[in-house]
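Report on the following structure.
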Amino acid sequence: NLDKSFMYSGLIKFLAVIAVIAGIVLAVTIYIKGGPVKIFQTREIPEAGKFDPSATSSDKVITSGTFFFALLPNNASSATGIYSYTLGQPKSFKKVLVDPYLKDGSFSVNIAPSVSKDQSKMVFARKAKGADYFQIFTGDLNGGNLKQITNDTRKFKSTPVFSPDSNLIAYTVEDTASAEIDYDFPESWFVYITDLKGKNGMTARGLNPVFSPDGKKLLILKNDGLHLYDVRNYLEPKHVGLVVKTTGGRASLTMKINVSPDYKMLSWSSPGR
């Protein structure tokens, strides 16, 4: 009947969004524990410790560190969950936080993991079994000691990151209030900051927040490029200015930002690349 058609249509759209976000996280935003790690685009990963400085940039790889990423198995044996893999150790691929499908069809989804600077814990987005909304959680790197941080009705949350001292978490929130949204544009999303007790506030429209080394500023991707915000009082953030203007003046959801472990270098991807 019509009601069931709408229900199935809504479920398909929801799973499609999860698959896209999980795919972006897996393909582009992979968080690393155990640095320093330099990773360049490559087709093959050499043996651990091998590095050829004379090779082209597409071949240069230092193989150390552990990846934490979200993955949806091709055979749908489990819901989207968090996995890890240590470079140079072929048999190290393992489940960190993966919930099975239950007999009643319910399941939990865990996406967008990020590791704290001291490498003691991770932060991620989780839609628990029976819940209507994604919330921000923290946990140990083995998937234990889970703690829910947010508890609000903002439906979709993703890409959480710790501040350098791990006392704050910045994350992205879907804009569900506007009637017409083009989610490909960064400013169709919001960036929020919360403390570990769940006290949060909106920083600005945008995506992919990155804290400065001292935790006093936050870099955000907006429609025209990378913007900097003063977040010393995170509940009353101040816009510092445009740091890097996007080539062509247009940013995209597919663009990602990351910084080197020593915070001296910044990298980002271009739309469609």
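Residue numbering restarts at 1 in every chain; chains get A, B, ... in the order shown in the structure tokens, and ligands count up from 1 in that same order.
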Close residues, range 202-213 of chain A itself excluded, 7 Å, only C-alpha atoms, min 4 positions apart in chain, as number ranges by chain:
A: 159, 163-164, 170-172, 186-187, 189-193, 217-222, 237, 256-257, 263
Just the residues within 6 Å of Gly225 in chain A, please, counting only C-alpha atoms, with nothing from its chain fewer than 6 positions along; format it as a ChimeraX atom specification.
/A:244-246
What is the CA of Asp214 in chain A-CA of Ile136 in chain A distance in Å, reported with one decimal?
22.7 Å
Spatial neighbours of Gly198 in chain A, 10 Å, only C-alpha atoms, chain gap at least 5 places, as a PDB file with N, CA and C atoms, in the first residue's frame:
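Final output, saved to part.pdb:
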ATOM      1  N   ILE A 136      26.820  11.855  19.309  1.00  0.00           N
ATOM      2  CA  ILE A 136      28.271  11.765  19.399  1.00  0.00           C
ATOM      3  C   ILE A 136      28.637  10.934  20.625  1.00  0.00           C
ATOM      4  N   GLN A 148      28.002   8.313  25.790  1.00  0.00           N
ATOM      5  CA  GLN A 148      27.243   9.215  24.933  1.00  0.00           C
ATOM      6  C   GLN A 148      27.477  10.649  25.372  1.00  0.00           C
ATOM      7  N   ILE A 149      27.824  11.519  24.404  1.00  0.00           N
ATOM      8  CA  ILE A 149      28.129  12.918  24.718  1.00  0.00           C
ATOM      9  C   ILE A 149      26.934  13.825  24.435  1.00  0.00           C
ATOM     10  N   THR A 150      26.388  13.751  23.222  1.00  0.00           N
ATOM     11  CA  THR A 150      25.239  14.595  22.872  1.00  0.00           C
ATOM     12  C   THR A 150      23.938  13.833  23.106  1.00  0.00           C
ATOM     13  N   ASN A 151      22.866  14.593  23.245  1.00  0.00           N
ATOM     14  CA  ASN A 151      21.537  13.996  23.423  1.00  0.00           C
ATOM     15  C   ASN A 151      20.497  15.009  22.975  1.00  0.00           C
ATOM     16  N   ASP A 152      20.413  15.202  21.667  1.00  0.00           N
ATOM     17  CA  ASP A 152      19.502  16.206  21.130  1.00  0.00           C
ATOM     18  C   ASP A 152      18.810  15.666  19.889  1.00  0.00           C
ATOM     19  N   LEU A 168      37.164  19.174  24.322  1.00  0.00           N
ATOM     20  CA  LEU A 168      36.071  19.606  23.456  1.00  0.00           C
ATOM     21  C   LEU A 168      36.009  18.698  22.237  1.00  0.00           C
ATOM     22  N   ILE A 169      34.834  18.672  21.607  1.00  0.00           N
ATOM     23  CA  ILE A 169      34.631  17.904  20.388  1.00  0.00           C
ATOM     24  C   ILE A 169      33.890  18.787  19.387  1.00  0.00           C
ATOM     25  N   ILE A 193      30.280  22.641  18.488  1.00  0.00           N
ATOM     26  CA  ILE A 193      31.302  22.221  19.450  1.00  0.00           C
ATOM     27  C   ILE A 193      30.595  21.873  20.759  1.00  0.00           C
TER      28      ILE A 193
END
Near-Gln135 in chain A list (10 Å; only C-alpha atoms; drop same-chain fewer than 6 positions) as a PyMOL selection string:
chain A and resi 110+124-128+148-158
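Reported to one decimal place, the separation of CA of Phe107 in chain A from CA of Ala79 in chain A is 6.6 Å.
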For Ser252 in chain A, find every residue with an atom within 8 Å (counting only C-alpha atoms), except residues of its own chain fewer than 4 positions away, and show them as a ChimeraX atom specification.
/A:184-186,223,271
